[in-house]
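Printed here is query.cif (mmCIF, C-alpha atoms and all ligand atoms):
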```cif
data_final
#
loop_
_atom_site.label_atom_id
_atom_site.label_comp_id
_atom_site.auth_asym_id
_atom_site.auth_seq_id
_atom_site.Cartn_x
_atom_site.Cartn_y
_atom_site.Cartn_z
CA MET A 109 149.78 -20.85 165.66
CA VAL A 110 148.91 -23.36 162.94
CA ASP A 111 150.89 -24.78 160.02
CA PHE A 112 148.16 -25.62 157.52
CA SER A 113 150.62 -26.94 154.97
CA ARG A 114 151.19 -30.14 156.98
CA GLN A 115 147.59 -31.29 156.57
CA TYR A 116 147.38 -30.07 153.00
CA LEU A 117 150.50 -31.95 151.90
CA SER A 118 149.20 -35.20 153.37
CA LEU A 119 145.89 -34.90 151.42
CA ARG A 120 147.03 -32.96 148.38
CA GLU A 121 146.43 -35.65 145.71
CA GLN A 122 142.99 -36.61 147.02
CA ILE A 123 141.82 -33.03 147.35
CA LEU A 124 143.06 -31.97 143.94
CA ALA A 125 141.35 -35.00 142.40
CA ALA A 126 138.07 -34.11 144.14
CA ILE A 127 138.32 -30.51 142.90
CA ALA A 128 139.11 -31.76 139.39
CA ARG A 129 135.93 -33.86 139.42
CA VAL A 130 133.89 -30.76 140.23
CA CYS A 131 135.57 -28.84 137.41
CA ASP A 132 134.91 -31.71 135.01
CA SER A 133 131.23 -31.78 136.04
CA GLN A 134 130.85 -28.01 135.49
CA THR A 135 128.28 -27.96 138.32
CA PHE A 136 129.51 -25.42 140.84
CA ILE A 137 126.57 -24.47 143.06
CA LEU A 138 124.62 -27.02 145.16
CA GLY A 139 124.08 -30.17 143.06
CA PRO A 140 125.21 -33.75 143.75
CA ARG A 141 128.52 -32.92 145.53
CA VAL A 142 126.72 -30.70 148.04
CA ALA A 143 123.98 -33.31 148.52
CA SER A 144 126.62 -35.95 149.14
CA LEU A 145 128.39 -33.80 151.78
CA GLU A 146 125.04 -33.06 153.42
CA ALA A 147 124.28 -36.78 153.72
CA ALA A 148 127.71 -37.54 155.19
CA ALA A 149 127.67 -34.58 157.60
CA GLY A 150 124.13 -35.32 158.77
CA ALA A 151 125.07 -38.94 159.47
CA ALA A 152 128.22 -37.86 161.34
CA CYS A 153 126.05 -35.66 163.58
CA SER A 154 123.27 -38.25 164.09
CA SER A 155 120.89 -35.81 162.41
CA LEU A 156 118.33 -36.72 159.78
CA PHE A 157 119.08 -33.63 157.69
CA ALA A 158 121.93 -31.27 156.90
CA VAL A 159 121.72 -28.14 154.77
CA GLY A 160 124.90 -26.63 153.36
CA CYS A 161 125.18 -22.86 153.19
CA ALA A 162 127.69 -20.10 152.57
CA SER A 163 129.23 -19.65 156.05
CA GLY A 164 128.84 -20.39 159.74
CA SER A 165 127.38 -16.93 160.27
CA ASP A 166 124.72 -17.68 157.67
CA ALA A 167 124.10 -21.09 159.24
CA ILE A 168 123.05 -19.42 162.52
CA TRP A 169 120.73 -17.07 160.65
CA LEU A 170 119.36 -19.97 158.58
CA ALA A 171 118.68 -22.19 161.60
CA LEU A 172 116.82 -19.41 163.41
CA ALA A 173 114.91 -18.19 160.33
CA ALA A 174 113.87 -21.71 159.32
CA ALA A 175 112.54 -22.24 162.85
CA GLY A 176 110.41 -19.11 162.52
CA ILE A 177 112.49 -16.99 164.91
CA GLY A 178 112.83 -13.30 164.08
CA ASN A 179 111.26 -11.48 161.16
CA SER A 180 113.94 -11.67 158.47
CA THR A 181 111.70 -13.71 156.14
CA SER A 182 108.90 -11.15 156.15
CA SER A 183 108.38 -8.48 153.48
CA ALA A 184 107.16 -6.10 156.21
CA PRO A 185 109.65 -6.77 159.02
CA GLY A 186 108.82 -3.52 160.78
CA ASP A 187 105.34 -4.79 161.60
CA ALA A 188 106.41 -7.90 163.46
CA VAL A 189 107.28 -8.10 167.14
CA SER A 190 110.94 -8.83 167.64
CA ASP A 191 111.74 -12.23 169.20
CA ALA A 192 114.50 -12.42 171.82
CA VAL A 193 117.28 -15.00 171.54
CA LEU A 194 119.67 -15.54 174.44
CA THR A 195 123.32 -16.35 173.76
CA SER A 196 126.78 -16.07 175.30
CA PRO A 197 128.61 -12.75 175.49
CA PHE A 198 131.93 -14.65 175.28
CA THR A 199 132.12 -15.98 171.72
CA PHE A 200 132.83 -14.89 168.18
CA PHE A 201 130.82 -11.83 167.12
CA ALA A 202 128.70 -13.82 164.61
CA SER A 203 126.79 -15.68 167.32
CA THR A 204 125.18 -12.35 168.15
CA SER A 205 125.18 -10.57 164.78
CA ALA A 206 123.42 -13.55 163.16
CA ILE A 207 120.62 -13.18 165.72
CA LEU A 208 120.27 -9.56 164.62
CA ARG A 209 120.36 -10.60 160.94
CA ALA A 210 117.52 -13.03 161.70
CA GLY A 211 115.50 -10.03 162.82
CA ALA A 212 115.60 -11.01 166.47
CA ARG A 213 116.91 -9.29 169.60
CA PRO A 214 120.05 -10.69 171.27
CA VAL A 215 120.04 -11.11 175.06
CA PHE A 216 123.02 -12.29 177.11
CA ALA A 217 123.70 -14.22 180.29
CA ASP A 218 127.08 -14.87 181.92
CA ILE A 219 129.43 -17.80 181.34
CA ASP A 220 130.61 -20.70 183.47
CA PRO A 221 134.17 -19.77 184.50
CA ARG A 222 135.39 -23.36 184.23
CA THR A 223 134.27 -24.19 180.67
CA PHE A 224 133.81 -20.63 179.31
CA ASN A 225 130.43 -21.82 177.98
CA LEU A 226 127.09 -20.12 178.61
CA SER A 227 126.01 -20.79 182.22
CA ALA A 228 122.58 -22.40 182.53
CA CYS A 229 122.24 -20.88 186.05
CA SER A 230 122.82 -17.41 184.69
CA VAL A 231 120.36 -18.14 181.86
CA ALA A 232 117.74 -19.26 184.38
CA GLU A 233 118.07 -15.91 186.20
CA VAL A 234 117.60 -13.96 182.97
CA LEU A 235 114.57 -16.10 182.10
CA ARG A 236 112.98 -15.21 185.45
CA ARG A 237 113.17 -11.53 184.47
CA GLN A 238 112.37 -12.02 180.75
CA PRO A 239 110.14 -15.09 180.44
CA SER A 240 109.22 -14.22 176.84
CA ILE A 241 112.66 -15.19 175.46
CA LYS A 242 112.00 -17.48 172.49
CA ALA A 243 115.26 -19.34 172.05
CA ILE A 244 118.64 -20.07 173.57
CA LEU A 245 121.76 -20.34 171.44
CA PRO A 246 124.56 -21.84 173.55
CA VAL A 247 127.96 -21.92 171.84
CA HIS A 248 130.12 -25.06 172.10
CA LEU A 249 133.16 -22.85 172.69
CA TYR A 250 136.67 -24.11 171.89
CA GLY A 251 135.20 -27.51 170.91
CA GLN A 252 133.43 -28.46 174.13
CA CYS A 253 129.66 -28.86 174.25
CA ALA A 254 127.73 -26.56 176.57
CA ASP A 255 126.04 -28.30 179.54
CA TRP A 256 123.16 -29.75 177.56
CA ASP A 257 121.59 -31.55 180.53
CA ALA A 258 121.09 -28.18 182.21
CA PHE A 259 119.73 -26.51 179.07
CA GLU A 260 117.29 -29.35 178.44
CA ALA A 261 116.10 -29.04 182.04
CA LEU A 262 115.47 -25.32 181.42
CA ALA A 263 113.59 -26.13 178.22
CA ARG A 264 111.40 -28.59 180.17
CA ASP A 265 110.52 -25.79 182.61
CA HIS A 266 109.79 -23.38 179.73
CA PRO A 267 107.98 -25.44 177.08
CA ALA A 268 107.91 -22.59 174.53
CA LEU A 269 111.69 -22.21 174.63
CA GLN A 270 113.67 -23.57 171.66
CA LEU A 271 117.30 -24.67 171.93
CA PHE A 272 119.80 -24.12 169.11
CA GLU A 273 123.52 -24.87 168.94
CA ASP A 274 126.32 -22.65 167.71
CA ALA A 275 128.53 -25.64 166.91
CA ALA A 276 130.93 -23.67 164.67
CA GLN A 277 133.92 -24.85 166.74
CA ALA A 278 132.69 -28.33 167.58
CA PHE A 279 132.25 -30.73 164.65
CA GLY A 280 132.74 -34.19 166.17
CA ALA A 281 132.31 -33.07 169.79
CA ARG A 282 129.85 -35.00 171.96
CA TRP A 283 127.67 -34.44 174.97
CA LYS A 284 127.54 -37.88 176.61
CA ASP A 285 126.79 -40.18 173.68
CA ARG A 286 125.16 -37.48 171.51
CA PRO A 287 127.12 -35.57 168.87
CA ALA A 288 127.13 -31.79 168.63
CA GLY A 289 124.59 -30.98 165.94
CA SER A 290 122.01 -33.45 167.31
CA LEU A 291 121.37 -31.71 170.64
CA GLY A 292 119.18 -28.73 169.74
CA ARG A 293 116.29 -28.13 167.38
CA ALA A 294 118.94 -27.15 164.83
CA ALA A 295 122.69 -26.51 164.93
CA ALA A 296 125.03 -24.26 162.97
CA PHE A 297 128.51 -25.31 161.81
CA SER A 298 131.27 -23.25 160.21
CA PHE A 299 133.94 -24.63 157.89
CA TYR A 300 136.03 -21.47 157.87
CA PRO A 301 139.64 -22.49 157.11
CA THR A 302 140.78 -22.28 160.76
CA LYS A 303 137.97 -24.53 162.08
CA ASN A 304 138.63 -28.15 162.97
CA LEU A 305 136.78 -29.22 159.82
CA ALA A 306 137.97 -26.65 157.32
CA ALA A 307 137.03 -25.78 153.75
CA PHE A 308 139.27 -24.08 151.20
CA GLY A 309 137.16 -20.95 151.46
CA GLU A 310 133.87 -20.00 153.07
CA ALA A 311 131.32 -22.69 153.95
CA GLY A 312 128.74 -23.55 156.61
CA LEU A 313 125.99 -26.05 157.34
CA ILE A 314 123.00 -26.57 159.58
CA THR A 315 121.83 -29.90 160.99
CA THR A 316 118.35 -30.78 162.20
CA SER A 317 116.09 -33.81 162.49
CA ASP A 318 112.94 -31.75 161.87
CA PRO A 319 111.73 -32.26 158.26
CA ALA A 320 109.81 -28.98 158.17
CA LEU A 321 112.82 -27.00 159.39
CA ASP A 322 115.02 -28.77 156.83
CA ALA A 323 112.65 -27.96 153.96
CA ARG A 324 112.32 -24.32 154.98
CA ALA A 325 116.10 -23.92 155.37
CA ARG A 326 116.64 -25.36 151.86
CA ALA A 327 114.27 -22.77 150.43
CA LEU A 328 115.62 -19.87 152.52
CA ARG A 329 119.26 -20.44 151.48
CA ASN A 330 118.07 -20.04 147.89
CA HIS A 331 115.96 -16.86 148.04
CA GLY A 332 112.91 -18.59 149.44
CA MET A 333 112.40 -20.64 146.28
CA THR A 334 111.10 -24.18 146.10
CA ARG A 335 110.32 -23.69 142.40
CA HIS A 336 112.49 -21.58 140.11
CA TYR A 337 111.50 -17.90 140.31
CA TYR A 338 108.54 -18.48 142.64
CA HIS A 339 109.39 -16.92 146.01
CA ASP A 340 107.31 -18.00 149.01
CA GLU A 341 109.16 -15.84 151.53
CA VAL A 342 112.25 -13.65 151.74
CA GLY A 343 115.38 -15.75 151.97
CA TRP A 344 118.87 -14.93 150.80
CA ASN A 345 121.64 -16.30 148.60
CA SER A 346 123.49 -18.56 151.00
CA ARG A 347 124.20 -21.54 148.78
CA LEU A 348 127.18 -23.83 149.29
CA ASP A 349 129.47 -24.35 146.34
CA ALA A 350 130.48 -27.77 145.07
CA ILE A 351 134.25 -27.26 145.33
CA GLN A 352 133.97 -26.56 149.06
CA ALA A 353 131.66 -29.55 149.50
CA ALA A 354 134.09 -31.82 147.66
CA VAL A 355 137.03 -30.69 149.82
CA LEU A 356 134.99 -31.11 153.00
CA GLU A 357 133.83 -34.58 152.08
CA VAL A 358 137.42 -35.75 151.63
CA LYS A 359 138.38 -34.25 154.98
CA LEU A 360 135.36 -35.58 156.84
CA HIS A 361 136.83 -39.10 156.55
CA TYR A 362 139.80 -38.00 158.68
CA LEU A 363 138.02 -35.86 161.22
CA ASP A 364 137.70 -38.49 163.97
CA THR A 365 141.43 -39.15 163.78
CA TRP A 366 142.23 -35.44 163.79
CA ASN A 367 139.96 -34.79 166.76
CA ARG A 368 141.61 -37.69 168.63
CA GLN A 369 145.03 -36.20 167.89
CA ARG A 370 143.83 -32.84 169.25
CA ARG A 371 142.69 -34.56 172.45
CA ASP A 372 146.04 -36.37 172.72
CA HIS A 373 147.87 -33.05 172.35
CA ALA A 374 145.69 -31.52 175.06
CA ALA A 375 146.52 -34.41 177.38
CA ARG A 376 150.23 -33.96 176.60
CA TYR A 377 150.05 -30.22 177.32
CA GLU A 378 148.40 -30.99 180.64
CA GLN A 379 151.15 -33.46 181.53
CA LEU A 380 153.91 -31.05 180.48
CA PHE A 381 152.38 -28.17 182.46
CA ARG A 382 151.97 -30.35 185.55
CA ASP A 383 155.56 -31.59 185.24
CA ALA A 384 156.68 -27.95 185.04
CA GLY A 385 154.68 -27.15 188.19
CA LEU A 386 152.37 -24.86 186.22
CA ASP A 387 148.82 -25.86 187.10
CA ALA A 388 146.93 -23.58 189.47
CA LEU A 389 143.32 -23.20 190.51
CA SER A 390 143.27 -19.46 189.88
CA THR A 391 145.33 -16.87 188.05
CA ALA A 392 146.25 -15.40 191.44
CA GLU A 393 148.43 -18.51 191.85
CA GLY A 394 149.47 -19.24 188.28
CA ILE A 395 148.11 -20.52 185.01
CA VAL A 396 144.80 -22.39 184.91
CA LEU A 397 144.58 -25.33 182.50
CA PRO A 398 141.45 -26.12 180.44
CA PHE A 399 138.67 -27.94 182.26
CA THR A 400 136.79 -30.72 180.48
CA ASP A 401 133.36 -31.64 181.82
CA PRO A 402 133.39 -35.43 182.34
CA ARG A 403 130.15 -35.64 180.33
CA ALA A 404 131.70 -33.91 177.32
CA THR A 405 133.99 -35.20 174.58
CA HIS A 406 136.05 -32.10 173.88
CA VAL A 407 137.57 -31.78 170.40
CA PHE A 408 140.00 -28.98 171.38
CA HIS A 409 139.36 -26.73 168.45
CA GLN A 410 141.36 -24.45 170.77
CA TYR A 411 143.53 -25.16 173.82
CA VAL A 412 142.89 -22.18 176.08
CA ILE A 413 144.61 -21.42 179.37
CA ARG A 414 144.04 -18.60 181.82
CA ALA A 415 147.30 -16.77 182.32
CA PRO A 416 148.45 -14.14 184.84
CA ARG A 417 150.00 -11.14 183.03
CA ARG A 418 148.49 -12.60 179.88
CA ASP A 419 149.49 -9.83 177.47
CA ALA A 420 153.12 -9.82 178.63
CA LEU A 421 153.22 -13.60 178.25
CA ARG A 422 151.84 -13.30 174.74
CA ASP A 423 154.52 -10.76 173.76
CA TYR A 424 157.20 -12.98 175.29
CA LEU A 425 155.99 -15.99 173.26
CA ALA A 426 155.81 -13.89 170.10
CA GLY A 427 159.43 -12.87 170.70
CA ARG A 428 160.30 -16.57 170.57
CA LYS A 429 158.23 -17.06 167.41
CA ILE A 430 155.54 -18.98 169.29
CA GLY A 431 152.04 -18.13 168.09
CA SER A 432 149.17 -17.61 170.51
CA GLU A 433 145.81 -15.93 170.17
CA ILE A 434 143.16 -14.30 172.32
CA TYR A 435 139.67 -15.70 171.77
CA TYR A 436 138.14 -13.21 172.61
CA PRO A 437 139.60 -9.92 173.88
CA VAL A 438 136.32 -7.97 174.17
CA PRO A 439 133.04 -9.59 175.28
CA ILE A 440 130.24 -9.02 172.80
CA HIS A 441 128.11 -6.92 175.16
CA LEU A 442 130.95 -4.37 175.31
CA GLN A 443 131.62 -4.20 171.54
CA PRO A 444 130.89 -0.75 170.10
CA ALA A 445 128.67 -2.36 167.43
CA MET A 446 126.38 -3.68 170.18
CA LYS A 447 126.02 -0.42 172.13
CA ASP A 448 122.34 -0.12 171.24
CA LEU A 449 121.61 -3.30 173.23
CA GLY A 450 122.21 -1.21 176.35
CA TYR A 451 124.64 -3.39 178.29
CA LYS A 452 127.52 -1.95 180.35
CA PRO A 453 130.79 -3.08 181.98
CA GLY A 454 130.09 -5.23 185.03
CA ASP A 455 126.97 -6.87 183.55
CA PHE A 456 128.74 -10.21 182.94
CA PRO A 457 131.76 -10.35 185.24
CA GLU A 458 132.90 -13.86 184.30
CA ALA A 459 132.87 -13.08 180.57
CA GLU A 460 134.74 -9.83 181.25
CA ARG A 461 137.36 -11.56 183.43
CA ALA A 462 137.84 -14.34 180.85
CA ALA A 463 138.49 -11.73 178.16
CA THR A 464 141.46 -10.42 180.17
CA GLU A 465 142.89 -13.84 181.10
CA VAL A 466 142.48 -16.31 178.22
CA LEU A 467 145.28 -17.33 175.89
CA ALA A 468 144.99 -19.97 173.17
CA LEU A 469 148.14 -22.00 172.51
CA PRO A 470 148.99 -23.83 169.29
CA ILE A 471 146.92 -26.99 168.83
CA TYR A 472 146.23 -28.82 165.58
CA PRO A 473 146.43 -32.47 164.60
CA GLU A 474 149.90 -32.29 163.04
CA LEU A 475 151.50 -30.39 165.97
CA ARG A 476 154.66 -32.22 167.11
CA ASP A 477 155.69 -33.29 170.62
CA ASP A 478 158.88 -31.22 170.51
CA GLU A 479 156.86 -28.14 169.58
CA GLN A 480 154.59 -28.63 172.57
CA GLN A 481 157.66 -28.96 174.78
CA THR A 482 159.03 -25.71 173.36
CA VAL A 483 155.76 -23.92 174.13
CA VAL A 484 155.59 -25.15 177.73
CA GLU A 485 159.28 -24.51 178.34
CA ALA A 486 158.90 -20.92 177.11
CA ILE A 487 155.93 -20.37 179.43
CA ARG A 488 157.90 -21.86 182.34
CA THR A 489 160.84 -19.51 181.76
CA PHE A 490 158.48 -16.52 181.46
CA TYR A 491 157.06 -17.15 184.94
CA ALA A 492 160.47 -18.15 186.38
C1 LIG B 501 133.62 -19.15 163.20
C2 LIG B 501 132.44 -18.94 164.07
C3 LIG B 501 131.22 -18.46 163.56
C4 LIG B 501 131.06 -17.91 162.18
O1 LIG B 501 131.45 -18.76 161.16
P1 LIG B 501 131.89 -18.14 159.73
O2 LIG B 501 131.98 -19.37 158.88
O3 LIG B 501 133.20 -17.47 159.95
O4 LIG B 501 130.83 -17.22 159.30
C5 LIG B 501 130.15 -18.38 164.42
N1 LIG B 501 130.24 -18.73 165.69
C6 LIG B 501 131.40 -19.17 166.23
C7 LIG B 501 131.42 -19.57 167.67
C8 LIG B 501 132.53 -19.28 165.44
O5 LIG B 501 133.67 -19.70 165.99
#
```

How does the structure come out when it is put into structure tokens?
Amino acid sequence: MVDFSRQYLSLREQILAAIARVCDSQTFILGPRVASLEAAAGAACSSLFAVGCASGSDAIWLALAAAGIGNSTSSAPGDAVSDAVLTSPFTFFASTSAILRAGARPVFADIDPRTFNLSACSVAEVLRRQPSIKAILPVHLYGQCADWDAFEALARDHPALQLFEDAAQAFGARWKDRPAGSLGRAAAFSFYPTKNLAAFGEAGLITTSDPALDARARALRNHGMTRHYYHDEVGWNSRLDAIQAAVLEVKLHYLDTWNRQRRDHAARYEQLFRDAGLDALSTAEGIVLPFTDPRATHVFHQYVIRAPRRDALRDYLAGRKIGSEIYYPVPIHLQPAMKDLGYKPGDFPEAERAATEVLALPIYPELRDDEQQTVVEAIRTFYA
């Protein structure tokens, strides 16, 4: 699916030098390297502030907690009323579990079948039935921003509603001229090693332009401390370490180029599939290629098709040593861990259909033309 060694070999000297500087400094947690990454990442996202933390999952929790959503910062959480946060049922598990960790109640709406992102129409319907929902957490799935015009329109109609971004897959993506990370009240990024901006371990970050949210997030990622051993509220240890920050800062310089290469590969896949006569409007007729909203700048963290007989195709590709992956095979509302939320099969038909049809094909900056041809040729022979 991905050959990480290609990127590593091209940056090896720079990255090892950056890690050596951290070792020489003997400052491993937060400190100047983390502050420097935060400044660079905030600027890249047109956000006034960025707060590094331990993972993307923590970043979602941190963004919500710092905005006062949920009761995870209270020493008597049982006493507080639980806030509801609406997100997509078709995403990585952490989008939902982080809402629970923030001490809030997850609520779902269905997805847009073209982009796989949370559907603002479906959200509007849920809001009619549950007007007390506090926040919406759209996910910029596969590297494409959710329809932010529609979500901002909803927020105008519901002035108490706060918008957050799960931008874990979308560093560098844009909605019109605005970068992911600058769209909501706060955004969460992940630098897990498979993400398009990837650390050498676990790392995450939130962005915001709200100084109060920034200050509270800085305290919460460090056990609610603004002064050593004085705890104003209950936070957690979610500090970013300096080695990860140093690696990320080196890589951030290349991210625009890498994202452009991903887009070029997506365009080449589209051309190759069209040339092979494999481009249908529905899986009843063939494979469906990714749709990019003209207002979005997609960074193709993943290149995801809909495929008839998806599982057989995946086995066939595996037999030819071609990697592919299913993001995600079970929608979150049907995961056993979420059974207490009370959802059932049929509640979100588009998310459920997507889970049976999607297949992610290899895409990463260093992917070669001949490899893309091999992938498309294998898919052509499978359907022939
Ligand atoms: C990766 C990911 C996360 C979680 O990030 P971690 O760094 O793995 O904790 C959250 N949401 C989405 C959409 C992701 O893809």

Query raised in the report: Skipping near chain neighbours, those fewer than 3 positions away, what residues fall within 8 Å of stretch 447-458 of chain A using only C-alpha atoms, listed as number ranges by chain?
Result: A: 197, 214, 217-221, 441-444, 461-462

The selected residues should be written to file as a PDB file, in the frame of the given file (atoms: C-alpha atoms).
```pdb
ATOM      1  CA  PRO A 197     128.610 -12.750 175.490  1.00  0.00           C
ATOM      2  CA  PRO A 214     120.050 -10.690 171.270  1.00  0.00           C
ATOM      3  CA  ALA A 217     123.700 -14.220 180.290  1.00  0.00           C
ATOM      4  CA  ASP A 218     127.080 -14.870 181.920  1.00  0.00           C
ATOM      5  CA  ILE A 219     129.430 -17.800 181.340  1.00  0.00           C
ATOM      6  CA  ASP A 220     130.610 -20.700 183.470  1.00  0.00           C
ATOM      7  CA  PRO A 221     134.170 -19.770 184.500  1.00  0.00           C
ATOM      8  CA  HIS A 441     128.110  -6.920 175.160  1.00  0.00           C
ATOM      9  CA  LEU A 442     130.950  -4.370 175.310  1.00  0.00           C
ATOM     10  CA  GLN A 443     131.620  -4.200 171.540  1.00  0.00           C
ATOM     11  CA  PRO A 444     130.890  -0.750 170.100  1.00  0.00           C
ATOM     12  CA  ARG A 461     137.360 -11.560 183.430  1.00  0.00           C
ATOM     13  CA  ALA A 462     137.840 -14.340 180.850  1.00  0.00           C
TER      14      ALA A 462
END
```

Query raised in the report: Within 8 Å of A:Leu386, counting all atoms listed in the file, which residues qualify if same-chain residues fewer than 5 places away don't, as a ChimeraX atom specification?
Result: /A:381,394-395,488

**Report entry** Residue among A:Tyr411, A:Trp256, A:Phe299, A:Tyr436 lying closest to A:Ala276, counting only C-alpha atoms
**Finding:**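 Using only C-alpha atoms, the shortest distance to A:Ala276 belongs to A:Phe299.
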
Report task. Might you pull out every residue within 10 Å of A:Glu341, with all atoms listed in the file counted and same-chain residues fewer than 2 positions away left off, and present them as a list of chain:residue names? Result ->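 Skipping anything fewer than 2 positions along the chain leaves A:Ser180, A:Thr181, A:Ser182, A:Ser183, A:Arg324, A:Ala327, A:Leu328, A:His331, A:Gly332, A:Met333, A:Tyr338, A:His339, A:Gly343, A:Trp344.
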
Report task. Compile the contact shell of A:Ile471 as an MDAnalysis selection string: residues with an atom at most 9 Å away, counting only C-alpha atoms, same-chain residues fewer than 5 positions apart removed. Result -> chainID A and resid 109:110 370 373:374 408:411 480

Prev. selection, C-alpha atoms, output as a short mmCIF file (atom, residue, chain, number, x, y, z; two decimals), in the coordinates of the input:
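Printed below is out00.cif as written:
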```cif
data_model
loop_
_atom_site.label_atom_id
_atom_site.label_comp_id
_atom_site.auth_asym_id
_atom_site.auth_seq_id
_atom_site.Cartn_x
_atom_site.Cartn_y
_atom_site.Cartn_z
CA MET A 109 149.78 -20.85 165.66
CA VAL A 110 148.91 -23.36 162.94
CA ARG A 370 143.83 -32.84 169.25
CA HIS A 373 147.87 -33.05 172.35
CA ALA A 374 145.69 -31.52 175.06
CA PHE A 408 140.00 -28.98 171.38
CA HIS A 409 139.36 -26.73 168.45
CA GLN A 410 141.36 -24.45 170.77
CA TYR A 411 143.53 -25.16 173.82
CA GLN A 480 154.59 -28.63 172.57
#
```

Query raised in the report: If you count only C-alpha atoms and all ligand atoms, which residues end up within 8 Å of ligand LIG 501 (chain B), as a list in words?
Result: Ala162, Ser163, Gly164, Ser165, Asp166, Ala167, Ile168, Thr199, Phe200, Phe201, Ala202, Ser203, Val247, His248, Leu249, Tyr250, Asp274, Ala275, Ala276, Gln277, Ala296, Phe297, Ser298, Phe299, Tyr300, Lys303, Glu310, Ala311 and Gly312 of chain A

Print the selection's residues with C-alpha atoms to a file, as an mmCIF file, in the frame of the given file.
```
data_model
loop_
_atom_site.group_PDB
_atom_site.id
_atom_site.type_symbol
_atom_site.label_atom_id
_atom_site.label_comp_id
_atom_site.auth_asym_id
_atom_site.auth_seq_id
_atom_site.Cartn_x
_atom_site.Cartn_y
_atom_site.Cartn_z
ATOM 1 C CA ALA A 162 127.690 -20.100 152.570
ATOM 2 C CA SER A 163 129.230 -19.650 156.050
ATOM 3 C CA GLY A 164 128.840 -20.390 159.740
ATOM 4 C CA SER A 165 127.380 -16.930 160.270
ATOM 5 C CA ASP A 166 124.720 -17.680 157.670
ATOM 6 C CA ALA A 167 124.100 -21.090 159.240
ATOM 7 C CA ILE A 168 123.050 -19.420 162.520
ATOM 8 C CA THR A 199 132.120 -15.980 171.720
ATOM 9 C CA PHE A 200 132.830 -14.890 168.180
ATOM 10 C CA PHE A 201 130.820 -11.830 167.120
ATOM 11 C CA ALA A 202 128.700 -13.820 164.610
ATOM 12 C CA SER A 203 126.790 -15.680 167.320
ATOM 13 C CA VAL A 247 127.960 -21.920 171.840
ATOM 14 C CA HIS A 248 130.120 -25.060 172.100
ATOM 15 C CA LEU A 249 133.160 -22.850 172.690
ATOM 16 C CA TYR A 250 136.670 -24.110 171.890
ATOM 17 C CA ASP A 274 126.320 -22.650 167.710
ATOM 18 C CA ALA A 275 128.530 -25.640 166.910
ATOM 19 C CA ALA A 276 130.930 -23.670 164.670
ATOM 20 C CA GLN A 277 133.920 -24.850 166.740
ATOM 21 C CA ALA A 296 125.030 -24.260 162.970
ATOM 22 C CA PHE A 297 128.510 -25.310 161.810
ATOM 23 C CA SER A 298 131.270 -23.250 160.210
ATOM 24 C CA PHE A 299 133.940 -24.630 157.890
ATOM 25 C CA TYR A 300 136.030 -21.470 157.870
ATOM 26 C CA LYS A 303 137.970 -24.530 162.080
ATOM 27 C CA GLU A 310 133.870 -20.000 153.070
ATOM 28 C CA ALA A 311 131.320 -22.690 153.950
ATOM 29 C CA GLY A 312 128.740 -23.550 156.610
#
```

Query raised in the report: Neighbours of A:Leu389 within 12 Å (all atoms listed in the file; same-chain residues fewer than 3 positions away dropped), as a list of chain:residue names?
Result: A:Pro221, A:Arg222, A:Leu386, A:Ala392, A:Glu393, A:Gly394, A:Ile395, A:Val396, A:Leu397, A:Pro398, A:Phe399, A:Ile413, A:Arg414, A:Ala415, A:Pro416

Query raised in the report: Taking into account only C-alpha atoms, which residue in the set A:Ala295, A:Leu271, A:Leu356, A:Ala171 is nearest to A:Ala307?
Result: A:Leu356
